[in-house]
file input_7.cif (mmCIF, C-alpha atoms)
data_query
loop_
_atom_site.label_atom_id
_atom_site.label_comp_id
_atom_site.auth_asym_id
_atom_site.auth_seq_id
_atom_site.Cartn_x
_atom_site.Cartn_y
_atom_site.Cartn_z
CA MET A 1 50.08 26.32 13.00
CA ALA A 2 47.39 23.82 13.94
CA VAL A 3 47.93 20.07 14.21
CA ASP A 4 46.06 18.10 11.55
CA VAL A 5 44.84 14.61 12.41
CA ILE A 6 44.40 11.39 10.44
CA LEU A 7 42.42 8.60 12.07
CA GLY A 8 40.19 5.66 11.23
CA LEU A 9 36.40 5.95 11.36
CA GLN A 10 35.55 2.25 11.54
CA TRP A 11 37.08 -0.73 13.39
CA GLY A 12 40.61 -0.19 12.06
CA ASP A 13 42.37 -1.34 8.87
CA GLU A 14 40.93 1.60 6.94
CA GLY A 15 44.21 2.37 5.16
CA LYS A 16 45.51 5.16 7.42
CA GLY A 17 49.19 4.38 6.81
CA LYS A 18 48.89 4.83 3.07
CA ILE A 19 47.12 8.17 3.46
CA VAL A 20 49.69 9.42 5.98
CA ASP A 21 52.49 8.41 3.60
CA TYR A 22 50.74 10.17 0.70
CA LEU A 23 50.13 13.41 2.60
CA ALA A 24 53.36 13.39 4.61
CA ASP A 25 55.33 15.63 2.25
CA LYS A 26 52.95 18.49 3.13
CA TYR A 27 54.15 18.33 6.75
CA ASP A 28 57.31 18.83 8.77
CA LEU A 29 56.40 16.37 11.54
CA VAL A 30 54.38 13.14 11.62
CA CYS A 31 53.46 11.99 15.14
CA ARG A 32 51.94 8.76 16.47
CA PHE A 33 49.76 9.62 19.48
CA GLN A 34 48.40 6.30 20.82
CA GLY A 35 48.38 2.53 20.49
CA GLY A 36 51.35 0.25 20.08
CA PRO A 37 52.47 -2.80 18.11
CA ASN A 38 48.85 -3.94 17.81
CA ALA A 39 48.65 -1.44 14.93
CA GLY A 40 49.71 -2.41 11.42
CA HIS A 41 50.00 0.37 8.86
CA THR A 42 50.75 -1.02 5.40
CA ILE A 43 52.50 1.15 2.82
CA VAL A 44 53.27 0.17 -0.78
CA ILE A 45 56.08 2.04 -2.53
CA GLY A 46 56.79 0.77 -6.03
CA ASN A 47 57.09 -3.01 -5.76
CA ASP A 48 57.90 -2.93 -2.05
CA LYS A 49 55.43 -3.35 0.81
CA TYR A 50 56.19 -2.18 4.35
CA VAL A 51 54.20 -2.78 7.53
CA LEU A 52 54.80 -0.36 10.40
CA HIS A 53 53.61 -1.16 13.92
CA THR A 54 55.10 1.59 16.07
CA ILE A 55 57.08 3.93 13.83
CA PRO A 56 55.07 6.75 12.17
CA SER A 57 54.24 6.39 8.49
CA GLY A 58 56.20 9.49 7.51
CA ILE A 59 59.48 7.63 8.04
CA PHE A 60 59.91 7.01 4.30
CA ARG A 61 60.38 10.74 3.66
CA SER A 62 63.86 11.85 4.69
CA ASN A 63 62.89 15.49 5.21
CA ILE A 64 60.20 14.74 7.82
CA THR A 65 60.65 14.37 11.57
CA ASN A 66 58.75 11.36 12.96
CA ILE A 67 57.73 11.29 16.62
CA ILE A 68 56.49 8.40 18.73
CA GLY A 69 54.38 10.28 21.27
CA ASN A 70 53.87 9.73 24.97
CA GLY A 71 50.48 8.08 24.35
CA VAL A 72 52.13 5.17 22.51
CA VAL A 73 53.26 1.96 24.23
CA ILE A 74 56.49 0.49 22.86
CA ASP A 75 57.70 -3.10 22.72
CA PRO A 76 61.48 -2.90 22.15
CA ILE A 77 61.48 -6.29 20.40
CA THR A 78 58.84 -5.28 17.85
CA PHE A 79 60.52 -1.89 17.49
CA GLN A 80 63.85 -3.56 16.72
CA ARG A 81 62.27 -5.69 14.00
CA GLU A 82 60.86 -2.55 12.36
CA ILE A 83 64.26 -0.86 12.52
CA GLU A 84 65.94 -3.87 10.93
CA LYS A 85 63.43 -3.84 8.06
CA LEU A 86 64.05 -0.13 7.48
CA GLU A 87 67.81 -0.74 7.48
CA SER A 88 67.50 -3.62 5.01
CA ALA A 89 65.52 -1.31 2.73
CA LYS A 90 68.18 1.40 3.18
CA ILE A 91 65.67 3.79 4.76
CA ASN A 92 67.58 6.39 6.76
CA TYR A 93 65.65 6.76 10.03
CA LYS A 94 68.52 7.86 12.30
CA ASN A 95 68.14 11.56 11.64
CA ASN A 96 64.36 11.82 11.62
CA LEU A 97 62.97 9.59 14.38
CA LEU A 98 62.34 10.74 17.97
CA ILE A 99 60.69 9.06 20.96
CA ALA A 100 58.81 10.70 23.83
CA LYS A 101 60.42 10.02 27.20
CA LYS A 102 56.96 9.54 28.70
CA ALA A 103 55.97 6.73 26.30
CA HIS A 104 55.41 3.50 28.26
CA LEU A 105 57.32 0.27 27.70
CA ILE A 106 55.86 -3.16 27.08
CA ILE A 107 57.94 -5.72 28.98
CA PRO A 108 57.85 -9.48 28.29
CA SER A 109 55.61 -10.30 31.25
CA HIS A 110 53.01 -7.87 29.85
CA ARG A 111 52.69 -10.16 26.83
CA TRP A 112 52.56 -13.21 29.09
CA LEU A 113 49.75 -11.60 31.08
CA ASP A 114 47.90 -10.73 27.88
CA ALA A 115 48.02 -14.32 26.65
CA ALA A 116 47.01 -15.76 30.03
CA SER A 117 44.15 -13.29 30.49
CA GLU A 118 42.77 -13.99 27.02
CA ALA A 119 43.06 -17.76 27.54
CA SER A 120 41.10 -17.48 30.80
CA LYS A 121 38.11 -15.90 29.02
CA GLY A 122 37.20 -18.98 26.98
CA ILE A 123 34.37 -18.19 24.56
CA SER A 124 34.24 -14.62 25.91
CA LYS A 125 37.59 -13.66 24.38
CA ILE A 126 37.79 -10.04 23.22
CA GLY A 127 40.12 -10.80 20.31
CA SER A 128 43.31 -9.35 21.79
CA THR A 129 46.35 -9.20 19.51
CA LEU A 130 48.34 -10.63 22.49
CA LYS A 131 50.96 -7.88 22.14
CA GLY A 132 50.77 -6.85 25.79
CA ILE A 133 48.93 -3.61 25.03
CA GLY A 134 46.14 -3.92 27.59
CA PRO A 135 48.35 -4.93 30.55
CA THR A 136 50.77 -2.09 29.72
CA TYR A 137 48.01 0.53 29.73
CA MET A 138 46.69 -1.01 32.96
CA ASP A 139 50.09 -0.47 34.58
CA LYS A 140 50.14 3.06 33.18
CA THR A 141 46.83 3.94 34.84
CA GLY A 142 47.85 1.90 37.90
CA ARG A 143 50.85 4.24 38.20
CA ASN A 144 53.55 1.62 38.26
CA GLY A 145 54.50 1.30 34.59
CA LEU A 146 57.92 1.75 33.04
CA ARG A 147 58.59 4.61 30.64
CA VAL A 148 61.24 5.18 28.00
CA GLY A 149 62.88 7.82 30.20
CA ASP A 150 63.36 5.19 32.91
CA LEU A 151 65.81 3.34 30.66
CA PHE A 152 68.41 5.96 31.51
CA SER A 153 67.95 5.91 35.29
CA SER A 154 70.43 4.16 37.61
CA ASP A 155 67.65 2.11 39.27
CA PHE A 156 66.03 0.88 36.06
CA GLN A 157 66.74 -2.81 36.76
CA GLU A 158 65.14 -2.48 40.18
CA LYS A 159 62.03 -0.87 38.68
CA TYR A 160 61.87 -3.61 36.06
CA ASN A 161 62.15 -6.37 38.67
CA LEU A 162 59.39 -4.87 40.82
CA LEU A 163 57.02 -4.69 37.86
CA LYS A 164 57.85 -8.22 36.75
CA GLU A 165 57.26 -9.53 40.31
CA LYS A 166 53.85 -7.89 40.34
CA HIS A 167 53.00 -9.64 37.07
CA MET A 168 54.20 -13.01 38.34
CA GLY A 169 51.84 -12.70 41.29
CA ILE A 170 48.90 -11.99 38.98
CA LEU A 171 49.85 -14.89 36.70
CA ASN A 172 49.39 -17.29 39.59
CA GLY A 173 45.65 -16.74 39.25
CA TYR A 174 45.55 -17.54 35.53
CA PRO A 175 45.73 -20.82 33.61
CA ASP A 176 49.15 -21.86 32.36
CA VAL A 177 50.08 -20.71 28.85
CA ASP A 178 53.20 -21.50 26.85
CA PHE A 179 55.58 -18.56 27.35
CA ASP A 180 59.37 -18.71 27.59
CA ILE A 181 60.01 -15.74 29.86
CA GLU A 182 63.79 -16.25 30.02
CA ALA A 183 64.21 -16.26 26.23
CA GLU A 184 61.89 -13.28 25.82
CA GLU A 185 63.73 -11.30 28.50
CA LYS A 186 67.08 -12.01 26.86
CA LYS A 187 65.81 -10.59 23.57
CA TRP A 188 64.12 -7.67 25.34
CA PHE A 189 67.25 -6.50 27.17
CA GLU A 190 69.28 -6.76 23.96
CA CYS A 191 66.71 -4.68 22.11
CA ILE A 192 66.49 -1.89 24.69
CA GLU A 193 70.14 -1.10 23.99
CA ASN A 194 69.19 -0.33 20.40
CA LEU A 195 66.09 1.59 21.52
CA LYS A 196 68.28 3.80 23.72
CA VAL A 197 70.21 4.93 20.65
CA ILE A 198 67.13 6.73 19.29
CA PRO A 199 66.98 10.35 20.54
CA THR A 200 64.36 10.96 23.23
CA ILE A 201 62.41 14.17 23.78
CA ASP A 202 60.07 15.90 26.19
CA CYS A 203 57.26 15.51 23.66
CA GLU A 204 54.90 18.16 25.04
CA TYR A 205 57.56 20.87 24.89
CA TYR A 206 58.91 19.74 21.54
CA ILE A 207 55.49 19.69 19.85
CA ASN A 208 54.33 23.01 21.27
CA LYS A 209 57.57 24.69 20.23
CA ALA A 210 57.11 23.26 16.73
CA ILE A 211 53.57 24.69 16.65
CA LYS A 212 54.85 28.08 17.81
CA ASP A 213 57.60 27.97 15.16
CA GLY A 214 55.00 27.45 12.42
CA LYS A 215 55.87 23.82 11.68
CA ARG A 216 53.25 21.76 9.86
CA ILE A 217 52.28 18.78 12.02
CA LEU A 218 50.27 15.64 11.26
CA ALA A 219 49.04 13.35 14.06
CA GLU A 220 48.66 9.71 13.02
CA GLY A 221 46.10 7.52 14.79
CA ALA A 222 46.18 3.75 15.16
CA GLN A 223 43.28 1.26 15.24
CA GLY A 224 39.84 2.76 14.52
CA SER A 225 37.40 5.03 16.32
CA MET A 226 35.04 2.13 17.07
CA LEU A 227 37.84 0.59 19.17
CA ASP A 228 38.16 3.64 21.44
CA ILE A 229 38.28 2.63 25.11
CA ASP A 230 35.49 5.09 26.03
CA PHE A 231 33.32 5.30 22.92
CA GLY A 232 33.96 2.04 21.08
CA THR A 233 32.08 -1.26 21.24
CA TYR A 234 33.11 -1.95 24.82
CA PRO A 235 34.48 -4.36 26.01
CA TYR A 236 35.64 -5.34 22.51
CA VAL A 237 37.92 -2.33 22.25
CA THR A 238 41.58 -1.37 22.55
CA SER A 239 43.07 0.21 25.67
CA SER A 240 43.63 3.76 24.44
CA ASN A 241 41.65 6.72 23.10
CA THR A 242 41.72 6.34 19.33
CA ILE A 243 39.65 9.46 18.62
CA THR A 244 40.76 13.09 18.15
CA ALA A 245 40.71 13.72 21.91
CA GLY A 246 43.58 11.23 22.21
CA VAL A 247 45.82 13.58 20.20
CA CYS A 248 45.77 16.10 23.06
CA THR A 249 46.78 13.61 25.75
CA GLY A 250 48.96 11.51 23.46
CA LEU A 251 51.17 14.39 22.34
CA GLY A 252 50.62 17.05 25.00
CA ILE A 253 48.76 19.74 23.08
CA ALA A 254 45.67 21.82 23.85
CA PRO A 255 42.33 21.15 22.06
CA GLN A 256 42.38 24.49 20.23
CA LYS A 257 45.58 23.39 18.49
CA ILE A 258 43.66 20.80 16.42
CA GLY A 259 43.15 21.78 12.78
CA GLU A 260 41.85 19.52 10.00
CA VAL A 261 40.52 16.13 11.08
CA ILE A 262 40.80 13.69 8.17
CA GLY A 263 38.71 10.58 8.73
CA ILE A 264 39.60 7.42 6.80
CA ALA A 265 36.84 4.98 5.88
CA LYS A 266 36.71 2.01 3.56
CA ALA A 267 34.16 1.83 0.76
CA TYR A 268 32.78 -1.12 2.74
CA CYS A 269 33.53 -2.18 6.32
CA THR A 270 35.71 -4.72 8.13
CA ARG A 271 36.52 -5.85 11.65
CA VAL A 272 39.18 -8.14 13.15
CA GLY A 273 38.52 -10.20 16.25
CA SER A 274 35.43 -10.44 18.42
CA GLY A 275 32.70 -7.88 19.02
CA PRO A 276 29.54 -6.52 17.41
CA PHE A 277 29.42 -5.71 13.71
CA PRO A 278 25.81 -4.98 12.62
CA THR A 279 26.43 -5.06 8.85
CA GLU A 280 28.68 -8.13 8.83
CA LEU A 281 28.01 -10.52 5.94
CA HIS A 282 28.18 -14.24 6.71
CA ASP A 283 27.58 -15.27 3.10
CA GLU A 284 29.26 -15.43 -0.30
CA THR A 285 29.23 -11.63 -0.58
CA GLY A 286 31.23 -11.29 2.65
CA GLU A 287 33.71 -13.86 1.40
CA LYS A 288 33.95 -12.06 -1.94
CA LEU A 289 34.78 -8.77 -0.17
CA ARG A 290 37.43 -10.56 1.90
CA LYS A 291 39.03 -12.15 -1.15
CA LEU A 292 38.98 -9.07 -3.37
CA GLY A 293 40.12 -6.78 -0.57
CA HIS A 294 42.86 -9.15 0.68
CA GLU A 295 41.33 -8.71 4.11
CA PHE A 296 43.82 -10.28 6.48
CA GLY A 297 45.27 -8.40 9.45
CA ALA A 298 48.64 -6.70 8.88
CA THR A 299 49.61 -7.39 12.49
CA THR A 300 47.95 -10.74 13.26
CA GLY A 301 47.27 -12.24 9.82
CA ARG A 302 43.75 -13.06 10.99
CA PRO A 303 40.98 -12.98 8.35
CA ARG A 304 38.88 -9.84 8.70
CA ARG A 305 35.13 -9.96 9.01
CA CYS A 306 33.53 -8.06 6.11
CA GLY A 307 30.28 -6.18 5.57
CA TRP A 308 28.62 -3.14 4.05
CA ASN A 309 29.10 0.44 5.16
CA ASP A 310 27.09 1.55 8.16
CA ILE A 311 25.89 5.18 8.09
CA PRO A 312 24.79 5.42 11.77
CA GLN A 313 28.19 4.06 12.81
CA LEU A 314 30.10 6.45 10.54
CA LYS A 315 28.04 9.49 11.57
CA TYR A 316 28.75 8.57 15.20
CA THR A 317 32.53 8.59 14.71
CA ILE A 318 32.38 11.70 12.50
CA MET A 319 30.62 13.45 15.38
CA LEU A 320 33.06 12.20 18.04
CA ASN A 321 36.12 13.21 16.04
CA GLY A 322 34.96 16.52 14.57
CA VAL A 323 35.81 15.18 11.10
CA THR A 324 36.26 17.93 8.50
CA GLN A 325 36.89 15.66 5.50
CA ILE A 326 36.84 11.97 4.61
CA VAL A 327 39.18 9.85 2.51
CA LEU A 328 37.40 6.81 1.08
CA THR A 329 39.70 3.82 0.53
CA LYS A 330 39.50 0.52 -1.33
CA LEU A 331 36.88 1.73 -3.78
CA ASP A 332 38.33 -0.70 -6.33
CA VAL A 333 37.29 -3.69 -4.18
CA LEU A 334 33.71 -2.97 -5.27
CA ASP A 335 34.62 -3.22 -8.98
CA HIS A 336 32.93 -6.60 -9.38
CA PHE A 337 29.52 -5.91 -7.86
CA ASP A 338 26.22 -5.05 -9.53
CA GLN A 339 24.70 -3.48 -6.43
CA ILE A 340 26.16 -2.00 -3.23
CA GLN A 341 24.18 -2.05 -0.01
CA VAL A 342 24.46 0.74 2.56
CA CYS A 343 22.93 0.61 6.04
CA GLU A 344 21.01 3.88 6.48
CA SER A 345 19.46 3.15 9.89
CA TYR A 346 18.83 0.45 12.51
CA ASN A 347 15.60 -1.18 13.55
CA ILE A 348 16.01 -1.96 17.25
CA ASN A 349 13.20 -4.08 18.64
CA GLY A 350 10.66 -2.43 16.33
CA THR A 351 11.95 1.15 16.60
CA ASN A 352 13.83 2.82 13.74
CA THR A 353 16.86 4.91 14.73
CA ASN A 354 19.91 6.62 13.25
CA SER A 355 21.78 6.56 16.57
CA LEU A 356 24.02 3.87 18.01
CA PRO A 357 22.56 2.26 21.13
CA TYR A 358 24.39 2.32 24.47
CA ASP A 359 25.44 -1.28 23.86
CA LEU A 360 25.92 -2.37 20.27
CA ASN A 361 26.28 -5.92 21.62
CA MET A 362 22.56 -6.04 22.42
CA ASP A 363 20.20 -8.38 20.58
CA GLY A 364 17.49 -7.11 18.26
CA ILE A 365 19.53 -4.76 16.03
CA THR A 366 18.53 -5.10 12.37
CA PRO A 367 20.27 -2.93 9.74
CA LYS A 368 17.95 -1.20 7.24
CA TYR A 369 19.64 -1.11 3.84
CA THR A 370 19.40 0.98 0.74
CA SER A 371 20.71 -0.33 -2.59
CA ILE A 372 22.99 1.71 -4.89
CA LYS A 373 23.88 0.67 -8.44
CA ALA A 374 27.56 -0.33 -8.80
CA TRP A 375 29.86 0.13 -11.82
CA ASN A 376 30.94 -3.49 -12.40
CA CYS A 377 34.18 -2.60 -14.19
CA SER A 378 37.83 -2.13 -13.26
CA LEU A 379 39.12 1.16 -11.86
CA ASP A 380 42.73 0.08 -12.33
CA LEU A 381 43.57 2.55 -15.12
CA ILE A 382 41.62 5.49 -13.69
CA ASN A 383 43.96 8.43 -13.01
CA SER A 384 41.55 11.18 -11.94
CA TYR A 385 38.29 11.53 -10.07
CA ALA A 386 36.61 12.97 -13.16
CA ASP A 387 37.34 9.73 -15.05
CA LEU A 388 35.56 7.49 -12.54
CA PRO A 389 32.43 5.74 -13.85
CA ASP A 390 29.24 7.69 -13.15
CA GLU A 391 28.03 4.91 -10.86
CA ALA A 392 31.19 5.19 -8.73
CA LYS A 393 30.75 8.96 -8.45
CA ASP A 394 27.08 8.44 -7.57
CA TYR A 395 28.05 6.06 -4.77
CA ILE A 396 30.56 8.56 -3.36
CA GLU A 397 28.12 11.46 -3.61
CA ASN A 398 25.39 9.37 -1.96
CA LEU A 399 27.75 8.70 0.95
CA GLU A 400 28.58 12.41 1.19
CA THR A 401 24.89 13.28 1.40
CA MET A 402 24.13 10.63 4.02
CA LEU A 403 27.20 11.47 6.12
CA GLU A 404 26.86 15.25 5.69
CA THR A 405 30.64 15.41 5.33
CA ARG A 406 32.85 16.10 2.33
CA ILE A 407 34.76 13.19 0.77
CA SER A 408 37.97 14.85 -0.37
CA MET A 409 39.80 11.90 -1.89
CA VAL A 410 39.26 8.29 -2.93
CA SER A 411 41.71 5.41 -3.19
CA THR A 412 41.54 2.89 -6.03
CA GLY A 413 44.52 0.70 -5.11
CA PRO A 414 47.36 0.27 -2.60
CA GLU A 415 49.95 2.31 -4.52
CA ARG A 416 50.74 5.97 -3.79
CA HIS A 417 49.56 7.16 -7.20
CA LYS A 418 46.13 5.55 -6.83
CA LEU A 419 44.74 8.33 -4.67
CA LEU A 420 42.35 10.60 -6.51
CA PRO A 421 41.59 14.06 -5.09
CA LYS A 422 37.95 14.95 -5.55
#
call {"tool": "encode", "arguments": {"input": "input_7.cif", "output": "structure tokens"}}
result
Amino acid sequence: MAVDVILGLQWGDEGKGKIVDYLADKYDLVCRFQGGPNAGHTIVIGNDKYVLHTIPSGIFRSNITNIIGNGVVIDPITFQREIEKLESAKINYKNNLLIAKKAHLIIPSHRWLDAASEASKGISKIGSTLKGIGPTYMDKTGRNGLRVGDLFSSDFQEKYNLLKEKHMGILNGYPDVDFDIEAEEKKWFECIENLKVIPTIDCEYYINKAIKDGKRILAEGAQGSMLDIDFGTYPYVTSSNTITAGVCTGLGIAPQKIGEVIGIAKAYCTRVGSGPFPTELHDETGEKLRKLGHEFGATTGRPRRCGWNDIPQLKYTIMLNGVTQIVLTKLDVLDHFDQIQVCESYNINGTNTNSLPYDLNMDGITPKYTSIKAWNCSLDLINSYADLPDEAKDYIENLETMLETRISMVSTGPERHKLLPK
């Protein structure tokens, strides 16, 4: 069996968690392959809302095995909070959650470094979530990080102390920030005892055996494709590969094992933090999208920047990921508009183009819009794609034509049942 992939096509917050939860019962395994507690996947089940940061979104289905892959970085404190919320909701995770031994650990001084580094940038801040993600991936590539498997070694404390000492030396070159290292370490060491209770696996062997055994596997991405460390809007990116290629390194599988690639995109576009956003709206329309879409970060609580959909940007991430189908989310947020704008191309210093420039941060990029008639009525009671207003179907079909990719499903609300197959 091939490994199917779900990932975001914009700057994150596309609604990946909900789609993973909806599709999860078609799979035997759901696997996170990159990122860490900077992710926030929101799932609404009945009247209850859950936000997952590290644990895969298939955890709410008792018959599914959930794997935190080696490409993920784990903060034991954040992980413990997630576990406590699952326990309070009586979600049985103990028999269906596994962690890759090669997944790296975020230690308290990673978060201290993150805060100090961001503070030192002044107006050039990249919009870090301050979760220690970047410093942890830096130690990973610097070949002196700590991994989950190290928790069980006799010299773990020595390894921890060496890494912390390295961080303390770096911190001497940064401005002071408020961080209680002793209190954070106390919590951290308490939480690793609970982390050690979760079964660990050699992820690459486990996943490949599951493929060989015919198991159905879904890989769950975090953040969005435009935050990819190599192909995103550098330097305003995350520290991992958020695109399909990251599945191979984040779980330990070969490229030919990839099957369907399901790209998630909003019916409009958002971004959290700093960085370029060509179609961002700084007016009443942008504020209206933010209010109607409840656009505040699930991890940080920060208000999201809002704008119209960007076809060159979406075609770029469709190409990079090998997307085979798209799920369009938050269509209902556009219920109260007369017209919807879509950016079909860019004018860059007098030249029209459908391609993203080397540096999307450059000056002189002007989006060229086309206007599409909206439906201006509620989709709340719509139960099938066929029942959508003609204008809503026209908008979706226009996007399909411009993106040259099938839209297989649309979402008209946060609940599980408000996903309409096309």
call {"tool": "residues_around", "arguments": {"input": "input_7.cif", "residues": "Gly301 (chain A)", "least_positions_apart": "5", "cutoff": "10 Å", "atoms": "only C-alpha atoms", "output": "ChimeraX atom specification"}}
result
/A:272,295-296
call {"tool": "residues_around", "arguments": {"input": "input_7.cif", "residues": "region 351-365 of chain A", "least_positions_apart": "6", "cutoff": "7 Å", "atoms": "only C-alpha atoms", "output": "number ranges by chain"}}
result
A: 233, 276, 312-313, 345
call {"tool": "resolve_selection", "arguments": {"input": "input_7.cif", "expression": "the PyMOL selection byres ((chain A and resi 22) around 10)", "output": "PDB file with C-alpha atoms, keeping the file's coordinate frame"}}
result
ATOM      1  CA  LYS A  16      45.510   5.160   7.420  1.00  0.00           C
ATOM      2  CA  GLY A  17      49.190   4.380   6.810  1.00  0.00           C
ATOM      3  CA  LYS A  18      48.890   4.830   3.070  1.00  0.00           C
ATOM      4  CA  ILE A  19      47.120   8.170   3.460  1.00  0.00           C
ATOM      5  CA  VAL A  20      49.690   9.420   5.980  1.00  0.00           C
ATOM      6  CA  ASP A  21      52.490   8.410   3.600  1.00  0.00           C
ATOM      7  CA  LEU A  23      50.130  13.410   2.600  1.00  0.00           C
ATOM      8  CA  ALA A  24      53.360  13.390   4.610  1.00  0.00           C
ATOM      9  CA  ASP A  25      55.330  15.630   2.250  1.00  0.00           C
ATOM     10  CA  LYS A  26      52.950  18.490   3.130  1.00  0.00           C
ATOM     11  CA  ILE A  43      52.500   1.150   2.820  1.00  0.00           C
ATOM     12  CA  SER A  57      54.240   6.390   8.490  1.00  0.00           C
ATOM     13  CA  GLY A  58      56.200   9.490   7.510  1.00  0.00           C
ATOM     14  CA  GLU A 415      49.950   2.310  -4.520  1.00  0.00           C
ATOM     15  CA  ARG A 416      50.740   5.970  -3.790  1.00  0.00           C
ATOM     16  CA  HIS A 417      49.560   7.160  -7.200  1.00  0.00           C
ATOM     17  CA  LYS A 418      46.130   5.550  -6.830  1.00  0.00           C
ATOM     18  CA  LEU A 419      44.740   8.330  -4.670  1.00  0.00           C
TER      19      LEU A 419
END
call {"tool": "closest_residue", "arguments": {"input": "input_7.cif", "among": "A:Cys203, A:Asp13, A:Ala89, A:Val410", "to": "Pro303 (chain A)", "atoms": "only C-alpha atoms"}}
result
A:Asp13
call {"tool": "resolve_selection", "arguments": {"input": "input_7.cif", "expression": "the PyMOL selection byres ((chain A and resi 139) around 12)", "output": "JSON, numbers by chain"}}
result
{"A": [73, 104, 105, 106, 107, 109, 110, 113, 132, 133, 134, 135, 136, 137, 138, 140, 141, 142, 143, 144, 145, 146, 147, 163, 164, 166, 167, 239]}
call {"tool": "closest_residue", "arguments": {"input": "input_7.cif", "among": "A:Ile229, A:Lys373, A:Met1, A:Lys49", "to": "Pro414 (chain A)", "atoms": "all atoms listed in the file"}}
result
A:Lys49
call {"tool": "residues_around", "arguments": {"input": "input_7.cif", "residues": "Lys94 (chain A)", "least_positions_apart": "4", "cutoff": "12 Å", "atoms": "only C-alpha atoms", "output": "list in words"}}
result
Ile59, Phe60, Ser62, Asn63, Ile64, Thr65, Asn66, Ile83, Leu86, Glu87, Lys90, Leu98, Ile99, Asn194, Leu195, Val197, Ile198 and Pro199 of chain A
call {"tool": "closest_residue", "arguments": {"input": "input_7.cif", "among": "A:Tyr27, A:Pro235, A:Gly12, A:Ser240", "to": "Gly214 (chain A)", "atoms": "all atoms listed in the file"}}
result
A:Tyr27
call {"tool": "residues_near_point", "arguments": {"input": "input_7.cif", "point": "(17.5, 0.9, 6.2)", "cutoff": "7 Å", "atoms": "all atoms listed in the file", "output": "VMD selection string"}}
result
chain A and resid 343 to 346 367 to 370
call {"tool": "closest_residue", "arguments": {"input": "input_7.cif", "among": "A:Met409, A:Cys31, A:Ala222, A:Ile192", "to": "Leu251 (chain A)", "atoms": "all atoms listed in the file"}}
result
A:Cys31
call {"tool": "resolve_selection", "arguments": {"input": "input_7.cif", "expression": "the PyMOL selection byres ((chain A and resi 400) around 12)", "output": "NGL selection string"}}
result
:A and (267 or 311 or 314-315 or 318 or 324-328 or 393-399 or 401-409 or 422)
call {"tool": "closest_residue", "arguments": {"input": "input_7.cif", "among": "A:Met226, A:Ala254, A:Val333, A:Cys248", "to": "Phe33 (chain A)", "atoms": "all atoms listed in the file"}}
result
A:Cys248
call {"tool": "closest_residue", "arguments": {"input": "input_7.cif", "among": "A:Lys266, A:His294, A:His282, A:Lys121", "to": "Trp11 (chain A)", "atoms": "all atoms listed in the file"}}
result
A:Lys266
call {"tool": "atom_distance", "arguments": {"input": "input_7.cif", "atom1": "CA of Met319 (chain A)", "atom2": "CA of Ile207 (chain A)"}}
result
26.0 Å
call {"tool": "atom_distance", "arguments": {"input": "input_7.cif", "atom1": "CA of Ser384 (chain A)", "atom2": "CA of Phe337 (chain A)"}}
result
21.3 Å
call {"tool": "residues_around", "arguments": {"input": "input_7.cif", "residues": "Thr270 (chain A)", "least_positions_apart": "6", "cutoff": "9 Å", "atoms": "all atoms listed in the file", "output": "PyMOL selection string"}}
result
chain A and resi 10-14+277+280+290+295+304-309
call {"tool": "atom_distance", "arguments": {"input": "input_7.cif", "atom1": "CA of Gly322 (chain A)", "atom2": "CA of Asp230 (chain A)"}}
result
16.2 Å
call {"tool": "residues_around", "arguments": {"input": "input_7.cif", "residues": "Gly252 (chain A)", "least_positions_apart": "3", "cutoff": "10 Å", "atoms": "all atoms listed in the file", "output": "list in words"}}
result
Phe33, Gly69, Asn70, Gly71, Asp202, Cys203, Glu204, Tyr205, Tyr206, Ile207, Asn208, Gly246, Val247, Cys248, Thr249 and Pro255 of chain A
